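Undergrad: Just one file: data_11.txt, with compact mmCIF, C-alpha atoms and all ligand atoms.
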# COMPACT_ATOMS: atom_id res chain seq x y z
CA MET A 25 0.00 0.00 0.00
CA SER A 26 1.29 3.49 -0.82
CA LYS A 27 1.97 5.88 2.04
CA ARG A 28 -1.11 7.72 3.37
CA ALA A 29 -0.94 11.51 3.10
CA TYR A 30 -0.99 13.84 6.09
CA ASN A 31 -4.56 14.81 5.26
CA PHE A 32 -5.74 18.20 6.58
CA ASN A 33 -8.61 18.59 4.11
CA ALA A 34 -11.65 20.58 5.26
CA GLY A 35 -14.21 18.16 3.87
CA PRO A 36 -14.45 15.60 2.48
CA ALA A 37 -11.75 14.87 4.98
CA ALA A 38 -9.60 12.17 6.53
CA LEU A 39 -11.38 8.99 7.62
CA PRO A 40 -9.96 6.57 10.19
CA LEU A 41 -7.61 4.10 8.47
CA GLU A 42 -9.13 1.24 10.51
CA VAL A 43 -12.56 2.07 9.06
CA LEU A 44 -11.28 2.20 5.49
CA GLU A 45 -9.57 -1.16 5.95
CA ARG A 46 -12.65 -2.73 7.50
CA ALA A 47 -14.77 -1.45 4.62
CA GLN A 48 -12.22 -2.77 2.15
CA ALA A 49 -12.25 -6.23 3.76
CA GLU A 50 -16.04 -6.57 3.50
CA PHE A 51 -16.50 -4.56 0.31
CA VAL A 52 -17.16 -7.31 -2.24
CA ASP A 53 -19.14 -9.75 -0.11
CA PHE A 54 -21.04 -7.99 2.67
CA ARG A 55 -22.12 -10.22 5.56
CA GLU A 56 -22.00 -13.30 3.31
CA SER A 57 -24.69 -11.93 1.02
CA GLY A 58 -22.63 -12.49 -2.12
CA MET A 59 -22.76 -8.78 -2.95
CA SER A 60 -21.61 -5.40 -1.69
CA ILE A 61 -23.90 -3.22 0.39
CA MET A 62 -24.24 -0.91 -2.62
CA GLU A 63 -25.78 -3.68 -4.69
CA MET A 64 -28.56 -4.80 -2.37
CA SER A 65 -32.09 -3.57 -1.78
CA HIS A 66 -32.51 -0.86 0.80
CA ARG A 67 -35.69 -2.68 1.82
CA GLY A 68 -33.83 -5.89 2.68
CA ALA A 69 -33.00 -7.10 6.19
CA ILE A 70 -29.24 -6.59 5.85
CA TYR A 71 -29.36 -2.95 4.82
CA GLU A 72 -32.11 -2.15 7.29
CA SER A 73 -30.09 -3.55 10.16
CA VAL A 74 -27.12 -1.31 9.23
CA HIS A 75 -29.45 1.70 8.92
CA ASN A 76 -31.07 1.11 12.30
CA GLU A 77 -27.75 0.30 13.95
CA ALA A 78 -26.28 3.61 12.78
CA GLN A 79 -29.25 5.54 14.18
CA GLN A 80 -29.03 3.77 17.53
CA ARG A 81 -25.26 4.17 17.77
CA LEU A 82 -25.53 7.88 17.11
CA LEU A 83 -28.11 8.34 19.86
CA SER A 84 -26.12 6.15 22.22
CA LEU A 85 -22.94 8.22 21.65
CA LEU A 86 -25.02 11.30 22.49
CA GLY A 87 -26.15 9.71 25.77
CA ASN A 88 -29.52 8.40 24.54
CA PRO A 89 -31.42 11.67 24.98
CA THR A 90 -35.16 11.10 25.53
CA GLY A 91 -37.55 11.86 22.66
CA TYR A 92 -34.99 12.34 19.89
CA LYS A 93 -34.95 10.70 16.48
CA VAL A 94 -32.21 10.39 13.85
CA LEU A 95 -32.92 11.01 10.17
CA PHE A 96 -30.66 10.35 7.20
CA THR A 97 -31.28 12.87 4.43
CA GLN A 98 -29.56 13.89 1.22
CA GLY A 99 -28.61 17.14 -0.46
CA GLY A 100 -26.03 18.06 2.17
CA ALA A 101 -26.29 20.55 4.99
CA SER A 102 -27.18 23.05 2.25
CA THR A 103 -30.55 21.35 1.78
CA GLN A 104 -31.14 21.68 5.53
CA PHE A 105 -30.64 25.45 5.12
CA ALA A 106 -33.84 25.33 3.02
CA MET A 107 -35.73 22.55 4.83
CA ILE A 108 -35.55 24.32 8.19
CA PRO A 109 -37.45 27.47 7.13
CA LEU A 110 -39.75 25.50 4.80
CA ASN A 111 -40.83 23.28 7.68
CA PHE A 112 -40.88 25.75 10.56
CA LEU A 113 -41.63 29.25 9.26
CA SER A 114 -45.38 29.43 9.51
CA GLU A 115 -47.27 32.72 8.93
CA GLY A 116 -46.12 35.48 11.27
CA LYS A 117 -43.01 33.62 12.44
CA VAL A 118 -39.36 34.41 11.77
CA GLY A 119 -36.16 32.40 11.90
CA SER A 120 -33.61 34.01 14.26
CA TYR A 121 -30.01 33.53 13.14
CA VAL A 122 -26.71 34.12 14.92
CA MET A 123 -24.37 35.50 12.30
CA THR A 124 -20.93 34.04 12.96
CA GLY A 125 -19.45 33.65 9.48
CA SER A 126 -19.75 32.23 6.01
CA TRP A 127 -21.95 29.22 6.81
CA ALA A 128 -24.33 31.08 9.14
CA ASP A 129 -24.71 33.63 6.36
CA LYS A 130 -25.63 30.94 3.82
CA ALA A 131 -28.21 29.47 6.20
CA TYR A 132 -29.70 32.94 6.84
CA LYS A 133 -29.86 33.88 3.15
CA GLU A 134 -31.61 30.64 2.28
CA ALA A 135 -34.21 31.20 5.00
CA LYS A 136 -34.78 34.72 3.68
CA LEU A 137 -35.88 33.22 0.38
CA VAL A 138 -38.56 31.29 2.21
CA GLY A 139 -39.89 33.63 4.90
CA GLY A 140 -39.15 36.09 7.67
CA VAL A 141 -35.67 36.26 9.19
CA HIS A 142 -34.09 38.05 12.12
CA VAL A 143 -30.51 38.54 13.27
CA ALA A 144 -30.21 37.38 16.87
CA ALA A 145 -26.58 38.55 17.18
CA SER A 146 -23.69 39.13 14.79
CA SER A 147 -19.92 39.31 14.88
CA GLU A 148 -19.68 40.79 11.39
CA GLU A 149 -18.14 43.98 12.81
CA GLN A 150 -15.38 41.82 14.28
CA LYS A 151 -14.90 40.30 10.80
CA PHE A 152 -16.45 37.08 12.13
CA LEU A 153 -13.32 36.30 14.10
CA LYS A 154 -15.23 35.65 17.28
CA ILE A 155 -18.44 34.07 18.50
CA PRO A 156 -20.82 36.71 19.97
CA GLU A 157 -21.17 36.78 23.76
CA LEU A 158 -23.91 34.34 24.73
CA SER A 159 -25.64 37.06 26.76
CA SER A 160 -26.00 39.19 23.60
CA ILE A 161 -27.88 36.49 21.67
CA LYS A 162 -31.61 37.23 21.67
CA ALA A 163 -34.14 35.41 19.52
CA ALA A 164 -37.11 37.45 18.24
CA ASP A 165 -40.33 37.20 20.25
CA ASN A 166 -42.01 35.61 17.22
CA ALA A 167 -39.08 33.31 16.42
CA ALA A 168 -39.93 29.81 15.23
CA TYR A 169 -36.35 28.81 16.09
CA LEU A 170 -32.91 30.16 16.95
CA HIS A 171 -30.19 28.98 14.54
CA VAL A 172 -26.51 28.66 15.43
CA THR A 173 -23.52 27.36 13.46
CA SER A 174 -21.55 25.52 16.11
CA ASN A 175 -18.27 25.64 14.18
CA GLU A 176 -17.48 28.03 11.33
CA THR A 177 -15.35 25.85 9.07
CA ILE A 178 -13.96 28.74 7.01
CA GLU A 179 -13.15 31.34 9.70
CA GLY A 180 -12.08 28.72 12.28
CA THR A 181 -14.34 29.77 15.15
CA GLN A 182 -16.43 27.60 17.46
CA TYR A 183 -18.92 28.04 20.26
CA ALA A 184 -17.44 27.02 23.62
CA GLU A 185 -20.97 26.93 25.09
CA PHE A 186 -24.36 27.15 23.44
CA PRO A 187 -27.01 29.78 24.16
CA ASP A 188 -30.07 28.91 26.16
CA SER A 189 -33.04 29.57 23.88
CA GLY A 190 -35.77 28.95 26.47
CA SER A 191 -38.96 27.69 24.88
CA ILE A 192 -37.79 28.53 21.34
CA PRO A 193 -36.21 25.49 19.65
CA LEU A 194 -32.45 25.81 19.20
CA ILE A 195 -31.24 24.55 15.83
CA GLY A 196 -27.56 23.78 15.31
CA ASP A 197 -25.56 23.36 12.13
CA MET A 198 -22.88 21.01 13.47
CA SER A 199 -21.50 20.02 10.07
CA SER A 200 -17.89 20.61 11.04
CA ASP A 201 -17.81 19.59 14.70
CA ILE A 202 -20.46 16.93 15.26
CA LEU A 203 -19.28 14.20 17.64
CA SER A 204 -15.97 15.97 18.27
CA ARG A 205 -16.82 16.83 21.88
CA ALA A 206 -19.39 16.21 24.56
CA PHE A 207 -22.34 18.62 24.66
CA ASP A 208 -25.88 18.69 26.01
CA VAL A 209 -28.18 17.53 23.21
CA ASN A 210 -31.21 18.43 25.29
CA LYS A 211 -30.55 22.12 24.65
CA PHE A 212 -31.31 21.54 20.97
CA GLY A 213 -34.55 21.02 19.10
CA LEU A 214 -32.70 19.97 15.96
CA ILE A 215 -29.09 19.35 14.95
CA TYR A 216 -27.89 18.69 11.42
CA ALA A 217 -24.58 17.84 9.82
CA GLY A 218 -23.27 16.75 6.46
CA ALA A 219 -21.31 13.56 7.17
CA GLN A 220 -18.18 14.36 5.21
CA LYS A 221 -16.05 15.82 7.99
CA ASN A 222 -16.46 13.88 11.22
CA LEU A 223 -18.95 11.14 10.39
CA GLY A 224 -18.10 9.48 7.10
CA PRO A 225 -18.15 10.14 3.38
CA SER A 226 -20.29 12.75 1.63
CA GLY A 227 -23.78 11.79 0.46
CA VAL A 228 -25.63 11.55 3.74
CA THR A 229 -26.74 14.33 6.08
CA VAL A 230 -27.62 13.46 9.64
CA VAL A 231 -30.51 15.17 11.42
CA ILE A 232 -31.03 14.59 15.14
CA ALA A 233 -34.25 16.16 16.34
CA LYS A 234 -36.93 16.15 18.99
CA GLU A 235 -39.70 13.95 17.64
CA GLU A 236 -42.38 16.57 18.31
CA LEU A 237 -40.62 18.99 15.91
CA ILE A 238 -40.38 16.58 13.00
CA ALA A 239 -43.58 14.58 13.38
CA GLU A 240 -45.77 16.94 11.31
CA SER A 241 -44.83 19.26 8.46
CA PRO A 242 -46.77 21.70 6.30
CA SER A 243 -48.54 19.86 3.49
CA HIS A 244 -47.93 22.63 0.92
CA ILE A 245 -44.18 21.96 0.73
CA PRO A 246 -42.74 19.21 -1.49
CA THR A 247 -43.00 15.75 0.04
CA ILE A 248 -39.27 15.03 0.03
CA LEU A 249 -38.55 18.31 1.86
CA ARG A 250 -40.93 17.58 4.75
CA TYR A 251 -39.24 16.31 7.90
CA SER A 252 -42.41 14.31 8.55
CA THR A 253 -41.86 12.28 5.36
CA HIS A 254 -38.50 11.09 6.65
CA THR A 255 -39.75 10.64 10.22
CA LYS A 256 -42.76 8.55 9.23
CA ASN A 257 -40.73 6.36 6.88
CA ASN A 258 -37.64 5.92 9.08
CA SER A 259 -35.61 7.75 6.39
CA LEU A 260 -36.56 5.09 3.86
CA TYR A 261 -39.17 7.06 1.91
CA ASN A 262 -36.85 6.99 -1.08
CA THR A 263 -33.57 5.20 -1.73
CA PRO A 264 -31.09 6.24 0.96
CA PRO A 265 -27.36 6.74 0.26
CA SER A 266 -26.75 3.22 1.52
CA PHE A 267 -22.98 3.06 1.23
CA SER A 268 -22.59 6.39 3.06
CA VAL A 269 -24.89 5.24 5.87
CA TYR A 270 -22.88 2.02 6.19
CA MET A 271 -19.67 4.06 6.43
CA VAL A 272 -21.21 6.33 9.07
CA ASN A 273 -22.06 3.23 11.10
CA GLU A 274 -18.42 2.08 10.87
CA VAL A 275 -17.11 5.53 11.88
CA LEU A 276 -19.51 5.51 14.85
CA LYS A 277 -18.12 2.10 15.92
CA TRP A 278 -14.64 3.61 15.69
CA ILE A 279 -15.68 6.58 17.88
CA GLU A 280 -16.99 4.09 20.46
CA GLU A 281 -13.59 2.37 20.35
CA GLN A 282 -11.91 5.74 21.04
CA GLY A 283 -13.84 6.06 24.29
CA GLY A 284 -16.89 7.85 22.89
CA LEU A 285 -17.21 11.64 22.91
CA ALA A 286 -15.06 12.09 26.02
CA GLY A 287 -12.29 10.08 24.36
CA VAL A 288 -12.31 11.95 21.05
CA GLU A 289 -12.70 15.31 22.79
CA SER A 290 -9.56 14.92 24.87
CA LYS A 291 -7.57 13.90 21.78
CA ASN A 292 -9.02 16.79 19.77
CA ARG A 293 -8.11 19.30 22.50
CA GLU A 294 -4.59 17.92 22.63
CA LYS A 295 -4.18 18.20 18.83
CA ALA A 296 -5.57 21.75 18.64
CA GLY A 297 -3.60 22.79 21.73
CA LEU A 298 -0.37 21.65 20.12
CA LEU A 299 -0.93 23.68 16.94
CA TYR A 300 -2.17 26.86 18.63
CA GLU A 301 0.67 26.71 21.13
CA TYR A 302 3.20 26.47 18.34
CA ILE A 303 1.53 29.28 16.35
CA ASP A 304 1.37 31.58 19.42
CA GLY A 305 5.00 30.88 20.27
CA SER A 306 6.34 31.59 16.77
CA ASP A 307 7.08 35.30 17.40
CA GLY A 308 4.52 36.33 14.81
CA PHE A 309 5.91 34.16 12.02
CA TYR A 310 2.55 32.37 12.11
CA ARG A 311 -0.52 34.24 13.42
CA GLY A 312 -3.79 32.69 14.55
CA VAL A 313 -6.78 34.21 12.74
CA ALA A 314 -9.63 33.65 15.22
CA ASP A 315 -9.99 35.46 18.52
CA PRO A 316 -8.34 33.15 21.13
CA GLY A 317 -11.59 32.77 23.09
CA SER A 318 -13.46 31.59 19.97
CA ARG A 319 -10.84 29.32 18.42
CA SER A 320 -12.03 26.13 16.79
CA ILE A 321 -10.52 22.80 17.80
CA MET A 322 -11.49 21.45 14.35
CA ASN A 323 -10.29 24.10 11.87
CA VAL A 324 -7.10 25.89 12.86
CA THR A 325 -6.85 29.04 10.71
CA PHE A 326 -3.62 31.01 10.58
CA ARG A 327 -1.69 33.47 8.45
CA MET A 328 1.88 34.37 7.65
CA GLN A 329 3.51 37.74 6.90
CA SER A 330 2.60 37.74 3.22
CA GLU A 331 0.47 35.86 0.73
CA ASP A 332 3.60 35.01 -1.15
CA LEU A 333 5.10 33.31 1.90
CA GLU A 334 1.80 31.45 2.44
CA LYS A 335 1.99 30.15 -1.12
CA GLN A 336 5.55 28.97 -0.58
CA PHE A 337 4.48 27.29 2.65
CA VAL A 338 1.62 25.38 0.98
CA LYS A 339 3.92 24.26 -1.83
CA ALA A 340 6.71 23.11 0.50
CA ALA A 341 4.15 21.33 2.71
CA GLU A 342 2.66 19.44 -0.25
CA LEU A 343 6.11 18.19 -1.24
CA GLU A 344 6.37 16.65 2.24
CA GLY A 345 2.90 15.04 2.00
CA PHE A 346 0.88 17.64 3.96
CA ILE A 347 -2.35 18.10 2.02
CA GLY A 348 -5.23 20.59 2.35
CA LEU A 349 -3.52 23.47 4.19
CA LYS A 350 -4.66 26.26 1.89
CA GLY A 351 -7.36 28.42 3.49
CA HIS A 352 -10.82 28.65 1.93
CA ARG A 353 -10.75 30.64 -1.32
CA SER A 354 -13.10 33.27 0.16
CA VAL A 355 -10.74 34.26 3.01
CA GLY A 356 -7.28 33.07 1.95
CA GLY A 357 -4.59 32.27 4.50
CA LEU A 358 -3.98 28.80 5.85
CA ARG A 359 -6.15 26.22 7.54
CA ALA A 360 -5.43 22.86 9.09
CA SER A 361 -8.60 20.82 9.54
CA ILE A 362 -7.99 18.34 12.32
CA TYR A 363 -11.21 16.38 12.60
CA ASN A 364 -11.59 13.26 14.77
CA ALA A 365 -9.86 10.96 12.30
CA VAL A 366 -6.66 13.03 12.01
CA PRO A 367 -4.16 11.27 14.31
CA TYR A 368 -2.14 13.20 16.90
CA GLU A 369 1.08 12.06 15.20
CA ASN A 370 0.02 13.81 11.97
CA VAL A 371 -0.63 17.05 13.83
CA LYS A 372 2.74 16.70 15.57
CA ALA A 373 4.35 16.13 12.17
CA LEU A 374 2.69 19.33 10.91
CA ALA A 375 3.92 21.35 13.91
CA ASP A 376 7.43 20.00 13.26
CA PHE A 377 7.16 20.90 9.59
CA MET A 378 6.02 24.44 10.51
CA LYS A 379 9.04 24.77 12.78
CA HIS A 380 11.33 23.50 10.04
CA PHE A 381 9.81 25.86 7.45
CA ARG A 382 10.31 28.81 9.77
CA GLN A 383 13.97 27.87 10.19
CA THR A 384 14.48 27.74 6.42
CA GLN A 385 13.31 31.36 6.24
CA GLY A 386 16.29 32.39 8.38
N1 LIG B 401 -22.31 24.13 7.18
C1 LIG B 401 -21.02 24.06 7.51
C2 LIG B 401 -20.58 24.52 8.86
C3 LIG B 401 -20.10 23.53 6.59
O1 LIG B 401 -18.80 23.45 6.92
C4 LIG B 401 -20.56 23.09 5.33
C5 LIG B 401 -19.64 22.47 4.31
N2 LIG B 401 -18.34 22.80 4.34
C6 LIG B 401 -21.91 23.23 5.03
C7 LIG B 401 -22.76 23.73 5.98
C8 LIG B 401 -22.46 22.82 3.69
O2 LIG B 401 -22.49 21.45 3.64
P1 LIG B 401 -22.84 20.60 2.33
O3 LIG B 401 -21.69 20.76 1.40
O4 LIG B 401 -22.98 19.22 2.90
O5 LIG B 401 -24.10 21.13 1.78
Before anything else, please render the file you have as structure tokens.

TA:
Amino acid sequence: MSKRAYNFNAGPAALPLEVLERAQAEFVDFRESGMSIMEMSHRGAIYESVHNEAQQRLLSLLGNPTGYKVLFTQGGASTQFAMIPLNFLSEGKVGSYVMTGSWADKAYKEAKLVGGVHVAASSEEQKFLKIPELSSIKAADNAAYLHVTSNETIEGTQYAEFPDSGSIPLIGDMSSDILSRAFDVNKFGLIYAGAQKNLGPSGVTVVIAKEELIAESPSHIPTILRYSTHTKNNSLYNTPPSFSVYMVNEVLKWIEEQGGLAGVESKNREKAGLLYEYIDGSDGFYRGVADPGSRSIMNVTFRMQSEDLEKQFVKAAELEGFIGLKGHRSVGGLRASIYNAVPYENVKALADFMKHFRQTQG
């Protein structure tokens, strides 16, 4: 087997090697069926058991919160940006959004196409480099929900704690930090995440929601976009992305093997701590982008003295097998995405490379 890259991609991103190898071993003949999971009916017993297992595992990793259901949907987190207002914005209601960066902005703009929106707090004046103070976040009186983006993948910011939304359902886009740390699910009415960062390959989007929120949907919206369609049919209304769901189940098993959320969280904090410590101690050669109190433990964003030097850095890093360090095209700079599956050793290797690169610049 060729050497695996030091993969710091933002998504799709690194998957645990153990999971890839397990999938490879059972790829051609899944559970002695004589076919791969991609080739069998999604209505058969084998696929259904994988589907149900993945849902149960996810809830179990979250501490089996009472009254929650897991849905598998398609169309990415971007489709959730539309489904949320379509399902919840009834006449006279608004969606309250906390504006923290690029992804919150996309969610807000999509909702605006559907109905009334409101800004519950914004850090735009701080160039989205920090998460607003929790005490400043206020949903509108007529809010159908309060929407937060738990981790801004592009800017590299993350909520340390989540706001308390009282009786208004809190909705969280957790696409880039789901299952990376322990948190209280009960605070949320609905959580969604595209799988392709911390949960598996692209193609499936996970929704974890209070059953009462997703049991009934407006009948004037398209059937496939109603949460109730997926709830009533156990996410088997239409053909699910079966291979992606199978991979999610394998990644969830792997998270269990790491000691669940507490286990992955302590590793993630160690990895992020190592990089930020090195950046902060580099006498300004590398500079962290996000406000220290809002730094993400998933996407470490940083800059160098000039764009030219950043380009040289990315090029030199690629030659050494470090992939995906270029910042998002909308903001530039550098970004190391260190999701659950990125091993500590790879992050250590990156810190060592950064040290080495700095030395070569005299
Ligand atoms: N929200 C966040 C926080 C993201 O990072 C992304 C993807 N990078 C999205 C939403 C959009 O996800 P998708 O590509 O699955 O639609």

Undergrad: Kindly provide the residues of chain A that approach ligand LIG 401 (chain B) to within 9 Å, each paired with its closest atom pair and their distance in Å to one decimal, based on all atoms listed in the file, listed by chain and increasing number, as a Markdown table.

TA:
| residue | atom | partner | partner_atom | distance |
| --- | --- | --- | --- | --- |
| A:Ala34 | CA | B:LIG401 | N2 | 7.1 |
| A:Gly35 | CA | B:LIG401 | N2 | 6.2 |
| A:Pro36 | CA | B:LIG401 | N2 | 8.4 |
| A:Gln98 | CA | B:LIG401 | O4 | 8.6 |
| A:Gly99 | CA | B:LIG401 | O5 | 6.4 |
| A:Gly100 | CA | B:LIG401 | O4 | 3.3 |
| A:Ala101 | CA | B:LIG401 | O5 | 3.9 |
| A:Ser102 | CA | B:LIG401 | O5 | 3.7 |
| A:Thr103 | CA | B:LIG401 | O5 | 6.5 |
| A:Gln104 | CA | B:LIG401 | O5 | 8.0 |
| A:Phe105 | CA | B:LIG401 | C7 | 8.1 |
| A:Ser126 | CA | B:LIG401 | C2 | 8.3 |
| A:Trp127 | CA | B:LIG401 | N1 | 5.1 |
| A:Ala128 | CA | B:LIG401 | N1 | 7.5 |
| A:Lys130 | CA | B:LIG401 | C7 | 8.1 |
| A:Ala131 | CA | B:LIG401 | C7 | 7.9 |
| A:Thr173 | CA | B:LIG401 | C2 | 6.2 |
| A:Ser174 | CA | B:LIG401 | C2 | 7.4 |
| A:Asn175 | CA | B:LIG401 | C2 | 5.9 |
| A:Glu176 | CA | B:LIG401 | C2 | 5.3 |
| A:Thr177 | CA | B:LIG401 | O1 | 4.7 |
| A:Ile178 | CA | B:LIG401 | O1 | 7.2 |
| A:Asp197 | CA | B:LIG401 | N1 | 6.0 |
| A:Met198 | CA | B:LIG401 | C2 | 6.2 |
| A:Ser199 | CA | B:LIG401 | C2 | 4.7 |
| A:Ser200 | CA | B:LIG401 | O1 | 5.1 |
| A:Asp201 | CA | B:LIG401 | C2 | 8.1 |
| A:Tyr216 | CA | B:LIG401 | N1 | 8.9 |
| A:Ala217 | CA | B:LIG401 | N1 | 7.2 |
| A:Gly218 | CA | B:LIG401 | O4 | 4.3 |
| A:Ala219 | CA | B:LIG401 | O4 | 7.3 |
| A:Gln220 | CA | B:LIG401 | O4 | 7.2 |
| A:Lys221 | CA | B:LIG401 | O1 | 8.2 |
| A:Ser226 | CA | B:LIG401 | O4 | 7.1 |
| A:Gly227 | CA | B:LIG401 | O4 | 7.9 |
| A:Val228 | CA | B:LIG401 | O4 | 8.2 |
| A:Thr229 | CA | B:LIG401 | O4 | 6.9 |

Undergrad: Taking only C-alpha atoms into account, name the residue in A:Arg46, A:Arg353, A:Lys211, A:Lys154 that is nearest to Tyr183 in chain A.

TA: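 Nearest to Tyr183 in chain A: A:Lys154.
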
Undergrad: Please determine, counting all atoms listed in the file, which residue among A:Ser84, A:Thr181, A:Gln48, A:Asn76 has the shortest atom-to-atom distance to Ser266 in chain A.

TA: A:Asn76

Undergrad: How far is it from CA of Ser330 in chain A to CA of Gly357 in chain A, in Å with one decimal?

TA: 9.1 Å

Undergrad: Just to confirm, what's the straight-line distance from CA of His352 in chain A to CA of Phe377 in chain A in Å (one decimal)?

TA: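 Atom-to-atom, CA of His352 in chain A and CA of Phe377 in chain A are spaced 21.0 Å apart.
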
Undergrad: When distances are computed from all atoms listed in the file, which of A:Arg67, A:His244, A:Lys93, A:Arg55 shows the smallest separation from Ser114 in chain A?

TA: A:His244

Undergrad: Taking (-3.8, 31.7, 17.3) in the file's coordinates as the center, which residues reach within 9 Å of it, counting all atoms listed in the file, put as a PyMOL selection string?

TA: chain A and resi 299-304+310-316+319+324-326

Undergrad: Tell me which protein, DNA and RNA residues are within 10 Å of Asn210 in chain A, counting only C-alpha atoms, leaving out same-chain ones fewer than 5 positions away, and put them as an mmCIF file with C-alpha atoms, in the coordinates of the input.

TA:
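So result.cif came out as:
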data_model
loop_
_atom_site.group_PDB
_atom_site.id
_atom_site.type_symbol
_atom_site.label_atom_id
_atom_site.label_comp_id
_atom_site.auth_asym_id
_atom_site.auth_seq_id
_atom_site.Cartn_x
_atom_site.Cartn_y
_atom_site.Cartn_z
ATOM 1 C CA LEU A 86 -25.020 11.300 22.490
ATOM 2 C CA PRO A 89 -31.420 11.670 24.980
ATOM 3 C CA THR A 90 -35.160 11.100 25.530
ATOM 4 C CA GLY A 91 -37.550 11.860 22.660
ATOM 5 C CA TYR A 92 -34.990 12.340 19.890
ATOM 6 C CA LEU A 194 -32.450 25.810 19.200
ATOM 7 C CA ALA A 233 -34.250 16.160 16.340
ATOM 8 C CA LYS A 234 -36.930 16.150 18.990
#

Undergrad: Could you list, as a ChimeraX atom specification, every residue within 12 Å of Thr384 in chain A, counting all atoms listed in the file and ignoring same-chain residues fewer than 3 positions away?

TA: /A:333,336-337,340,377-381

Undergrad: Please provide the set of residues having any atom within 10 Å of Asn257 in chain A, restricted to all atoms listed in the file, with same-chain residues fewer than 5 positions apart removed, written as a list in words.

TA: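 Skipping anything fewer than 5 positions along the chain leaves Leu95, Ser252 and Asn262 of chain A.
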
Undergrad: What does the structure give for the distance between CA of Ala296 in chain A and CA of Asn370 in chain A, in Å to one decimal?

TA: 11.8 Å

Undergrad: For a quick check of understanding, using only C-alpha atoms, which of A:Tyr132, A:Phe186, A:Phe32, A:Phe96 has the smallest distance to Pro156 in chain A?

TA: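 Residue with the minimum atom-to-atom distance to Pro156 in chain A: A:Phe186.
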
Undergrad: Please determine, counting all atoms listed in the file, which residue among A:Ile192, A:Ala106, A:Leu203, A:Ile161 has the shortest atom-to-atom distance to Thr124 in chain A.

TA: A:Ile161

Undergrad: Name the closest residue to Pro246 in chain A among the candidates A:Tyr270, A:Met107, A:Glu50, A:Ile61; distances are taken between atoms, counting only C-alpha atoms.

TA: A:Met107

Undergrad: Counting all atoms listed in the file, I want the residues whose atoms come within 12 Å of (-3.2, 12.7, 7.1) in the file frame, returned as an MDAnalysis selection string.

TA: chainID A and resid 27:34 37:41 342 344:349 360:374
